[in-house]
Every structure is written in C-alpha cells, then in structure tokens.
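Enquirer: Hey, dropping protein.cif in here, mmCIF, N, CA, C and O atoms:
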```
data_structure
#
loop_
_atom_site.group_PDB
_atom_site.id
_atom_site.type_symbol
_atom_site.label_atom_id
_atom_site.label_comp_id
_atom_site.auth_asym_id
_atom_site.auth_seq_id
_atom_site.Cartn_x
_atom_site.Cartn_y
_atom_site.Cartn_z
ATOM 1 N N MET A 11 -2.312 -0.658 9.416
ATOM 2 C CA MET A 11 -2.927 -0.847 8.108
ATOM 3 C C MET A 11 -4.351 -0.297 8.145
ATOM 4 O O MET A 11 -5.132 -0.593 9.031
ATOM 5 N N THR A 12 -4.686 0.503 7.164
ATOM 6 C CA THR A 12 -6.001 1.124 7.104
ATOM 7 C C THR A 12 -6.999 0.140 6.497
ATOM 8 O O THR A 12 -6.729 -0.499 5.497
ATOM 9 N N SER A 13 -8.174 0.052 7.115
ATOM 10 C CA SER A 13 -9.196 -0.866 6.624
ATOM 11 C C SER A 13 -9.959 -0.241 5.461
ATOM 12 O O SER A 13 -9.880 0.957 5.212
ATOM 13 N N LYS A 14 -10.726 -1.087 4.772
ATOM 14 C CA LYS A 14 -11.571 -0.604 3.664
ATOM 15 C C LYS A 14 -12.584 0.416 4.179
ATOM 16 O O LYS A 14 -12.877 1.394 3.511
ATOM 17 N N ALA A 15 -13.116 0.175 5.379
ATOM 18 C CA ALA A 15 -14.085 1.110 5.949
ATOM 19 C C ALA A 15 -13.442 2.467 6.175
ATOM 20 O O ALA A 15 -14.055 3.504 5.926
ATOM 21 N N ASP A 16 -12.187 2.480 6.661
ATOM 22 C CA ASP A 16 -11.487 3.747 6.870
ATOM 23 C C ASP A 16 -11.244 4.457 5.550
ATOM 24 O O ASP A 16 -11.336 5.675 5.473
ATOM 25 N N GLU A 17 -10.923 3.709 4.513
ATOM 26 C CA GLU A 17 -10.671 4.304 3.202
ATOM 27 C C GLU A 17 -11.928 4.965 2.646
ATOM 28 O O GLU A 17 -11.844 5.913 1.878
ATOM 29 N N ALA A 18 -13.100 4.475 3.054
ATOM 30 C CA ALA A 18 -14.357 5.033 2.569
ATOM 31 C C ALA A 18 -14.773 6.284 3.348
ATOM 32 O O ALA A 18 -15.693 6.983 2.937
ATOM 33 N N LEU A 19 -14.106 6.549 4.465
ATOM 34 C CA LEU A 19 -14.439 7.728 5.260
ATOM 35 C C LEU A 19 -14.111 8.999 4.497
ATOM 36 O O LEU A 19 -13.063 9.096 3.869
ATOM 37 N N GLY A 20 -14.988 9.954 4.579
ATOM 38 C CA GLY A 20 -14.686 11.261 4.029
ATOM 39 C C GLY A 20 -13.760 11.998 4.977
ATOM 40 O O GLY A 20 -13.592 11.615 6.143
ATOM 41 N N TYR A 21 -13.170 13.072 4.495
ATOM 42 C CA TYR A 21 -12.244 13.847 5.319
ATOM 43 C C TYR A 21 -12.918 14.350 6.585
ATOM 44 O O TYR A 21 -12.383 14.205 7.689
ATOM 45 N N GLU A 22 -14.092 14.939 6.441
ATOM 46 C CA GLU A 22 -14.784 15.516 7.594
ATOM 47 C C GLU A 22 -15.136 14.451 8.624
ATOM 48 O O GLU A 22 -15.022 14.681 9.829
ATOM 49 N N GLN A 23 -15.573 13.280 8.154
ATOM 50 C CA GLN A 23 -15.906 12.191 9.074
ATOM 51 C C GLN A 23 -14.672 11.755 9.856
ATOM 52 O O GLN A 23 -14.728 11.581 11.072
ATOM 53 N N ALA A 24 -13.568 11.557 9.150
ATOM 54 C CA ALA A 24 -12.331 11.115 9.798
ATOM 55 C C ALA A 24 -11.829 12.180 10.769
ATOM 56 O O ALA A 24 -11.415 11.869 11.891
ATOM 57 N N ARG A 25 -11.889 13.430 10.355
ATOM 58 C CA ARG A 25 -11.440 14.531 11.214
ATOM 59 C C ARG A 25 -12.276 14.611 12.488
ATOM 60 O O ARG A 25 -11.740 14.740 13.588
ATOM 61 N N ASP A 26 -13.596 14.507 12.337
ATOM 62 C CA ASP A 26 -14.476 14.595 13.493
ATOM 63 C C ASP A 26 -14.238 13.435 14.461
ATOM 64 O O ASP A 26 -14.220 13.633 15.679
ATOM 65 N N GLU A 27 -14.059 12.236 13.919
ATOM 66 C CA GLU A 27 -13.792 11.096 14.795
ATOM 67 C C GLU A 27 -12.428 11.254 15.471
ATOM 68 O O GLU A 27 -12.269 10.930 16.650
ATOM 69 N N LEU A 28 -11.455 11.769 14.741
ATOM 70 C CA LEU A 28 -10.136 12.009 15.322
ATOM 71 C C LEU A 28 -10.219 13.017 16.465
ATOM 72 O O LEU A 28 -9.598 12.836 17.520
ATOM 73 N N ILE A 29 -10.998 14.059 16.289
ATOM 74 C CA ILE A 29 -11.187 15.045 17.355
ATOM 75 C C ILE A 29 -11.777 14.367 18.598
ATOM 76 O O ILE A 29 -11.341 14.634 19.727
ATOM 77 N N GLU A 30 -12.728 13.490 18.401
ATOM 78 C CA GLU A 30 -13.342 12.782 19.527
ATOM 79 C C GLU A 30 -12.336 11.857 20.211
ATOM 80 O O GLU A 30 -12.291 11.769 21.438
ATOM 81 N N VAL A 31 -11.516 11.177 19.438
ATOM 82 C CA VAL A 31 -10.488 10.307 20.009
ATOM 83 C C VAL A 31 -9.520 11.125 20.865
ATOM 84 O O VAL A 31 -9.206 10.748 22.001
ATOM 85 N N VAL A 32 -9.072 12.249 20.347
ATOM 86 C CA VAL A 32 -8.148 13.104 21.094
ATOM 87 C C VAL A 32 -8.819 13.612 22.368
ATOM 88 O O VAL A 32 -8.208 13.615 23.447
ATOM 89 N N ARG A 33 -10.074 14.015 22.264
ATOM 90 C CA ARG A 33 -10.797 14.496 23.435
ATOM 91 C C ARG A 33 -10.847 13.427 24.521
ATOM 92 O O ARG A 33 -10.589 13.694 25.694
ATOM 93 N N ARG A 34 -11.144 12.195 24.113
ATOM 94 C CA ARG A 34 -11.225 11.097 25.083
ATOM 95 C C ARG A 34 -9.868 10.800 25.706
ATOM 96 O O ARG A 34 -9.779 10.539 26.912
ATOM 97 N N LEU A 35 -8.812 10.853 24.905
ATOM 98 C CA LEU A 35 -7.476 10.617 25.450
ATOM 99 C C LEU A 35 -7.078 11.719 26.430
ATOM 100 O O LEU A 35 -6.505 11.450 27.486
ATOM 101 N N GLU A 36 -7.371 12.952 26.082
ATOM 102 C CA GLU A 36 -7.013 14.073 26.947
ATOM 103 C C GLU A 36 -7.814 14.069 28.251
ATOM 104 O O GLU A 36 -7.319 14.511 29.287
ATOM 105 N N ALA A 37 -9.042 13.574 28.191
ATOM 106 C CA ALA A 37 -9.887 13.541 29.378
ATOM 107 C C ALA A 37 -9.373 12.521 30.402
ATOM 108 O O ALA A 37 -9.618 12.663 31.596
ATOM 109 N N GLY A 38 -8.661 11.518 29.909
ATOM 110 C CA GLY A 38 -8.148 10.497 30.821
ATOM 111 C C GLY A 38 -9.258 9.588 31.308
ATOM 112 O O GLY A 38 -10.362 9.558 30.769
ATOM 113 N N GLY A 39 -8.947 8.826 32.347
ATOM 114 C CA GLY A 39 -9.943 7.938 32.931
ATOM 115 C C GLY A 39 -10.121 6.636 32.182
ATOM 116 O O GLY A 39 -11.046 5.877 32.483
ATOM 117 N N THR A 40 -9.265 6.374 31.204
ATOM 118 C CA THR A 40 -9.349 5.115 30.475
ATOM 119 C C THR A 40 -8.211 4.208 30.930
ATOM 120 O O THR A 40 -7.186 4.666 31.425
ATOM 121 N N THR A 41 -8.409 2.912 30.734
ATOM 122 C CA THR A 41 -7.356 1.962 31.077
ATOM 123 C C THR A 41 -6.235 2.082 30.056
ATOM 124 O O THR A 41 -6.401 2.707 28.989
ATOM 125 N N LEU A 42 -5.115 1.497 30.377
ATOM 126 C CA LEU A 42 -3.990 1.508 29.444
ATOM 127 C C LEU A 42 -4.392 0.863 28.121
ATOM 128 O O LEU A 42 -4.097 1.392 27.045
ATOM 129 N N GLU A 43 -5.087 -0.245 28.196
ATOM 130 C CA GLU A 43 -5.509 -0.944 26.977
ATOM 131 C C GLU A 43 -6.450 -0.074 26.144
ATOM 132 O O GLU A 43 -6.321 0.012 24.925
ATOM 133 N N GLU A 44 -7.398 0.580 26.806
ATOM 134 C CA GLU A 44 -8.315 1.473 26.094
ATOM 135 C C GLU A 44 -7.559 2.650 25.483
ATOM 136 O O GLU A 44 -7.836 3.042 24.340
ATOM 137 N N SER A 45 -6.630 3.202 26.224
ATOM 138 C CA SER A 45 -5.830 4.321 25.715
ATOM 139 C C SER A 45 -5.025 3.928 24.492
ATOM 140 O O SER A 45 -4.946 4.675 23.520
ATOM 141 N N LEU A 46 -4.427 2.741 24.536
ATOM 142 C CA LEU A 46 -3.661 2.258 23.378
ATOM 143 C C LEU A 46 -4.567 2.054 22.173
ATOM 144 O O LEU A 46 -4.199 2.403 21.047
ATOM 145 N N ALA A 47 -5.757 1.507 22.398
ATOM 146 C CA ALA A 47 -6.698 1.300 21.289
ATOM 147 C C ALA A 47 -7.127 2.644 20.701
ATOM 148 O O ALA A 47 -7.208 2.789 19.469
ATOM 149 N N LEU A 48 -7.376 3.618 21.561
ATOM 150 C CA LEU A 48 -7.735 4.954 21.074
ATOM 151 C C LEU A 48 -6.588 5.573 20.295
ATOM 152 O O LEU A 48 -6.798 6.167 19.241
ATOM 153 N N TRP A 49 -5.387 5.445 20.806
ATOM 154 C CA TRP A 49 -4.222 6.005 20.127
ATOM 155 C C TRP A 49 -4.052 5.374 18.747
ATOM 156 O O TRP A 49 -3.842 6.083 17.753
ATOM 157 N N GLU A 50 -4.190 4.038 18.675
ATOM 158 C CA GLU A 50 -4.070 3.347 17.380
ATOM 159 C C GLU A 50 -5.155 3.819 16.417
ATOM 160 O O GLU A 50 -4.889 4.038 15.227
ATOM 161 N N ARG A 51 -6.366 3.993 16.913
ATOM 162 C CA ARG A 51 -7.453 4.480 16.063
ATOM 163 C C ARG A 51 -7.147 5.896 15.576
ATOM 164 O O ARG A 51 -7.366 6.224 14.409
ATOM 165 N N GLY A 52 -6.631 6.709 16.474
ATOM 166 C CA GLY A 52 -6.252 8.060 16.098
ATOM 167 C C GLY A 52 -5.199 8.082 15.004
ATOM 168 O O GLY A 52 -5.273 8.894 14.077
ATOM 169 N N GLU A 53 -4.236 7.198 15.095
ATOM 170 C CA GLU A 53 -3.196 7.112 14.057
ATOM 171 C C GLU A 53 -3.807 6.757 12.700
ATOM 172 O O GLU A 53 -3.431 7.333 11.675
ATOM 173 N N GLU A 54 -4.734 5.816 12.693
ATOM 174 C CA GLU A 54 -5.388 5.416 11.443
ATOM 175 C C GLU A 54 -6.207 6.570 10.868
ATOM 176 O O GLU A 54 -6.180 6.828 9.661
ATOM 177 N N LEU A 55 -6.925 7.259 11.732
ATOM 178 C CA LEU A 55 -7.725 8.394 11.277
ATOM 179 C C LEU A 55 -6.840 9.516 10.749
ATOM 180 O O LEU A 55 -7.176 10.165 9.752
ATOM 181 N N ALA A 56 -5.703 9.737 11.389
ATOM 182 C CA ALA A 56 -4.764 10.759 10.913
ATOM 183 C C ALA A 56 -4.248 10.394 9.527
ATOM 184 O O ALA A 56 -4.090 11.274 8.667
ATOM 185 N N LYS A 57 -4.018 9.117 9.269
ATOM 186 C CA LYS A 57 -3.577 8.675 7.937
ATOM 187 C C LYS A 57 -4.644 8.961 6.885
ATOM 188 O O LYS A 57 -4.333 9.396 5.773
ATOM 189 N N VAL A 58 -5.900 8.692 7.244
ATOM 190 C CA VAL A 58 -7.010 8.958 6.320
ATOM 191 C C VAL A 58 -7.048 10.449 5.992
ATOM 192 O O VAL A 58 -7.126 10.845 4.818
ATOM 193 N N CYS A 59 -6.961 11.289 7.022
ATOM 194 C CA CYS A 59 -6.978 12.740 6.806
ATOM 195 C C CYS A 59 -5.799 13.181 5.953
ATOM 196 O O CYS A 59 -5.955 13.997 5.042
ATOM 197 N N ARG A 60 -4.629 12.638 6.251
ATOM 198 C CA ARG A 60 -3.430 13.000 5.491
ATOM 199 C C ARG A 60 -3.581 12.637 4.013
ATOM 200 O O ARG A 60 -3.238 13.420 3.127
ATOM 201 N N ARG A 61 -4.150 11.461 3.728
ATOM 202 C CA ARG A 61 -4.353 11.057 2.325
ATOM 203 C C ARG A 61 -5.308 12.007 1.619
ATOM 204 O O ARG A 61 -5.082 12.387 0.470
ATOM 205 N N TRP A 62 -6.390 12.397 2.301
ATOM 206 C CA TRP A 62 -7.333 13.345 1.707
ATOM 207 C C TRP A 62 -6.642 14.668 1.403
ATOM 208 O O TRP A 62 -6.826 15.249 0.328
ATOM 209 N N LEU A 63 -5.874 15.169 2.362
ATOM 210 C CA LEU A 63 -5.201 16.458 2.171
ATOM 211 C C LEU A 63 -4.137 16.383 1.080
ATOM 212 O O LEU A 63 -3.993 17.317 0.283
ATOM 213 N N GLU A 64 -3.404 15.271 1.024
ATOM 214 C CA GLU A 64 -2.412 15.106 -0.039
ATOM 215 C C GLU A 64 -3.082 15.043 -1.406
ATOM 216 O O GLU A 64 -2.585 15.596 -2.386
ATOM 217 N N GLY A 65 -4.234 14.371 -1.471
ATOM 218 C CA GLY A 65 -4.980 14.299 -2.723
ATOM 219 C C GLY A 65 -5.483 15.666 -3.152
ATOM 220 O O GLY A 65 -5.427 16.028 -4.333
ATOM 221 N N ALA A 66 -5.965 16.426 -2.180
ATOM 222 C CA ALA A 66 -6.435 17.779 -2.489
ATOM 223 C C ALA A 66 -5.274 18.641 -2.975
ATOM 224 O O ALA A 66 -5.427 19.410 -3.933
ATOM 225 N N ARG A 67 -4.114 18.528 -2.329
ATOM 226 C CA ARG A 67 -2.931 19.303 -2.740
ATOM 227 C C ARG A 67 -2.523 18.933 -4.165
ATOM 228 O O ARG A 67 -2.219 19.803 -4.976
ATOM 229 N N ALA A 68 -2.553 17.640 -4.485
ATOM 230 C CA ALA A 68 -2.184 17.197 -5.828
ATOM 231 C C ALA A 68 -3.141 17.770 -6.870
ATOM 232 O O ALA A 68 -2.718 18.202 -7.945
ATOM 233 N N ARG A 69 -4.432 17.785 -6.554
ATOM 234 C CA ARG A 69 -5.413 18.343 -7.485
ATOM 235 C C ARG A 69 -5.200 19.833 -7.682
ATOM 236 O O ARG A 69 -5.292 20.341 -8.802
ATOM 237 N N LEU A 70 -4.920 20.555 -6.583
ATOM 238 C CA LEU A 70 -4.654 21.991 -6.694
ATOM 239 C C LEU A 70 -3.394 22.257 -7.516
ATOM 240 O O LEU A 70 -3.380 23.145 -8.374
ATOM 241 N N ASP A 71 -2.352 21.493 -7.243
ATOM 242 C CA ASP A 71 -1.101 21.661 -7.990
ATOM 243 C C ASP A 71 -1.315 21.407 -9.485
ATOM 244 O O ASP A 71 -0.806 22.142 -10.322
ATOM 245 N N ALA A 72 -2.092 20.363 -9.807
ATOM 246 C CA ALA A 72 -2.365 20.049 -11.208
ATOM 247 C C ALA A 72 -3.163 21.170 -11.869
ATOM 248 O O ALA A 72 -2.877 21.565 -13.013
ATOM 249 N N ALA A 73 -4.151 21.695 -11.155
ATOM 250 C CA ALA A 73 -4.968 22.780 -11.710
ATOM 251 C C ALA A 73 -4.125 24.035 -11.918
ATOM 252 O O ALA A 73 -4.251 24.711 -12.948
ATOM 253 N N LEU A 74 -3.254 24.348 -10.964
ATOM 254 C CA LEU A 74 -2.390 25.523 -11.100
ATOM 255 C C LEU A 74 -1.395 25.346 -12.237
ATOM 256 O O LEU A 74 -1.120 26.301 -12.978
ATOM 257 N N ALA A 75 -0.870 24.141 -12.392
ATOM 258 C CA ALA A 75 0.072 23.877 -13.482
ATOM 259 C C ALA A 75 -0.627 24.010 -14.831
ATOM 260 O O ALA A 75 -0.078 24.583 -15.780
ATOM 261 N N GLU A 76 -1.851 23.504 -14.923
ATOM 262 C CA GLU A 76 -2.622 23.603 -16.162
ATOM 263 C C GLU A 76 -2.910 25.064 -16.493
ATOM 264 O O GLU A 76 -2.787 25.491 -17.638
ATOM 265 N N GLU A 77 -3.266 25.832 -15.475
ATOM 266 C CA GLU A 77 -3.543 27.254 -15.673
ATOM 267 C C GLU A 77 -2.288 27.985 -16.153
ATOM 268 O O GLU A 77 -2.359 28.815 -17.063
ATOM 269 N N ALA A 78 -1.158 27.647 -15.558
ATOM 270 C CA ALA A 78 0.100 28.284 -15.958
ATOM 271 C C ALA A 78 0.454 27.933 -17.403
ATOM 272 O O ALA A 78 0.905 28.791 -18.165
ATOM 273 N N GLU A 79 0.222 26.692 -17.799
ATOM 274 C CA GLU A 79 0.489 26.276 -19.180
ATOM 275 C C GLU A 79 -0.411 27.029 -20.152
ATOM 276 O O GLU A 79 0.042 27.442 -21.226
ATOM 277 N N GLU A 80 -1.672 27.191 -19.787
ATOM 278 C CA GLU A 80 -2.606 27.917 -20.650
ATOM 279 C C GLU A 80 -2.173 29.370 -20.803
ATOM 280 O O GLU A 80 -2.237 29.923 -21.905
ATOM 281 N N GLU A 81 -1.725 29.972 -19.700
ATOM 282 C CA GLU A 81 -1.273 31.364 -19.762
ATOM 283 C C GLU A 81 -0.030 31.493 -20.626
ATOM 284 O O GLU A 81 0.110 32.441 -21.389
ATOM 285 N N GLU A 82 0.881 30.522 -20.522
ATOM 286 C CA GLU A 82 2.095 30.557 -21.346
ATOM 287 C C GLU A 82 1.737 30.399 -22.826
ATOM 288 O O GLU A 82 2.315 31.056 -23.690
ATOM 289 N N GLY A 83 0.759 29.548 -23.110
ATOM 290 C CA GLY A 83 0.315 29.360 -24.493
ATOM 291 C C GLY A 83 -0.320 30.602 -25.055
ATOM 292 O O GLY A 83 -0.108 30.952 -26.228
ATOM 293 N N GLU A 84 -1.081 31.315 -24.252
ATOM 294 C CA GLU A 84 -1.713 32.563 -24.707
ATOM 295 C C GLU A 84 -0.666 33.627 -24.968
ATOM 296 O O GLU A 84 -0.779 34.394 -25.911
ATOM 297 N N GLU A 85 0.364 33.686 -24.122
ATOM 298 C CA GLU A 85 1.423 34.677 -24.322
ATOM 299 C C GLU A 85 2.221 34.377 -25.592
ATOM 300 O O GLU A 85 2.664 35.274 -26.281
ATOM 301 N N GLY A 86 2.380 33.107 -25.911
ATOM 302 C CA GLY A 86 3.111 32.713 -27.102
ATOM 303 C C GLY A 86 2.366 33.060 -28.383
ATOM 304 O O GLY A 86 2.965 33.210 -29.437
ATOM 305 N N GLU A 87 1.047 33.168 -28.300
ATOM 306 C CA GLU A 87 0.230 33.496 -29.471
ATOM 307 C C GLU A 87 0.252 34.979 -29.778
ATOM 308 O O GLU A 87 -0.145 35.393 -30.850
ATOM 309 N N ARG A 88 0.688 35.776 -28.826
ATOM 310 C CA ARG A 88 0.651 37.250 -29.018
ATOM 311 C C ARG A 88 1.762 37.729 -29.858
ATOM 312 O O ARG A 88 2.767 37.359 -30.119
#
```
Could you render the structure from this file as structure tokens?
Expert:
Amino acid sequence: MTSKADEALGYEQARDELIEVVRRLEAGGTTLEESLALWERGEELAKVCRRWLEGARARLDAALAEEAEEEEGEEGER
C-alpha cells in the first residue's frame, strides 16, 4: 500500500530514489532484512512511477483525441 508521502512524490523524485534502492541492492552487503526492506521500498517507488507515467499517457491520449476531433470538424466544414 502506497503512503500519502509516496503519493506526494514527483516522478523524478521517485525515480531517483528507486535508482538508489536498486544500486544498494546490486551492491550487496546488506542483511536479508535490509534487502527485503529495500525491495519493498523499490516496489512502492515503482508503483509511484507507474502511476505518473500512466497519468501522462492518459493526458497525451486525451490531447491527441481532441486534436483529431478538431481536425475532423475542420474537414467537415470544407
């Protein structure tokens, strides 16, 4: 479950923290418990990033659909 603080993270913030989590996991040297906590944090950060990207895709799709409708309306007036 994503916390309110995670929901307030911007895409770049979440991405940068996720990169750091992955770096720490790849470097090793952590206990199993620490590794699990990092992995769980990484999963939450990935969800935040995914929501941002899905939102951006929805906005782009809406803008493209609106543009296409406007073009169809202009062609109908000719």
Enquirer: Starting from the PyMOL selection byres (((chain A and resi 61 and name CA) around 12) and name CA), expand the selection into actual residues of this file and give them as an MDAnalysis selection string.
Expert: chainID A and resid 12 16:21 24:25 54:60 62:68
Enquirer: Between A:Trp49, A:Glu84, A:Ala15, A:Asp71, single out the one closest to A:Val31, counting all atoms listed in the file.
Expert: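 Residue with the minimum atom-to-atom distance to A:Val31: A:Trp49.
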Enquirer: Atom O of A:Arg69 and atom C of A:Glu85, how far apart in Å?
Expert: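 Pair atom C of A:Glu85 / atom O of A:Arg69 returns 23.1 Å.
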Enquirer: Could you check which of A:Arg33, A:Gly38, A:Glu27, A:Glu82 is closest to A:Arg51, using all atoms listed in the file?
Expert: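 Checking each of A:Arg33, A:Gly38, A:Glu27, A:Glu82 against A:Arg51, counting all atoms listed in the file, the winner is A:Glu27.
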Enquirer: Grab the atom N of A:Glu44 to atom CA of A:Ile29 distance for me, in Å with one decimal place.
Expert: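 Atom CA of A:Ile29 lies at a distance of 17.7 Å from atom N of A:Glu44.
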Enquirer: Give the answer as one residue: which of A:Leu28, A:Ala78, A:Ala37, A:Leu70 has the shortest atom-to-atom distance to A:Glu53, using only N, CA, C and O atoms?
Expert: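 When distances to A:Glu53 are compared using only N, CA, C and O atoms, the smallest one comes from A:Leu28.
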Enquirer: Around all the atoms of stretch 38-48 of chain A listed in the file, draw an axis-aligned box and extend it by 8 Å on each of the six sides; I want its centre and edge lengths in Å to one decimal, as lines of an AutoDock Vina configuration file.
Expert:
```
center_x = -7.4
center_y = 5.3
center_z = 26.1
size_x = 23.4
size_y = 28.5
size_z = 29.7
```
Enquirer: As an exercise, work out the distance from atom C of A:Glu36 to atom CA of A:Gly52 in Å and give it to one decimal place.
Expert: 13.6 Å
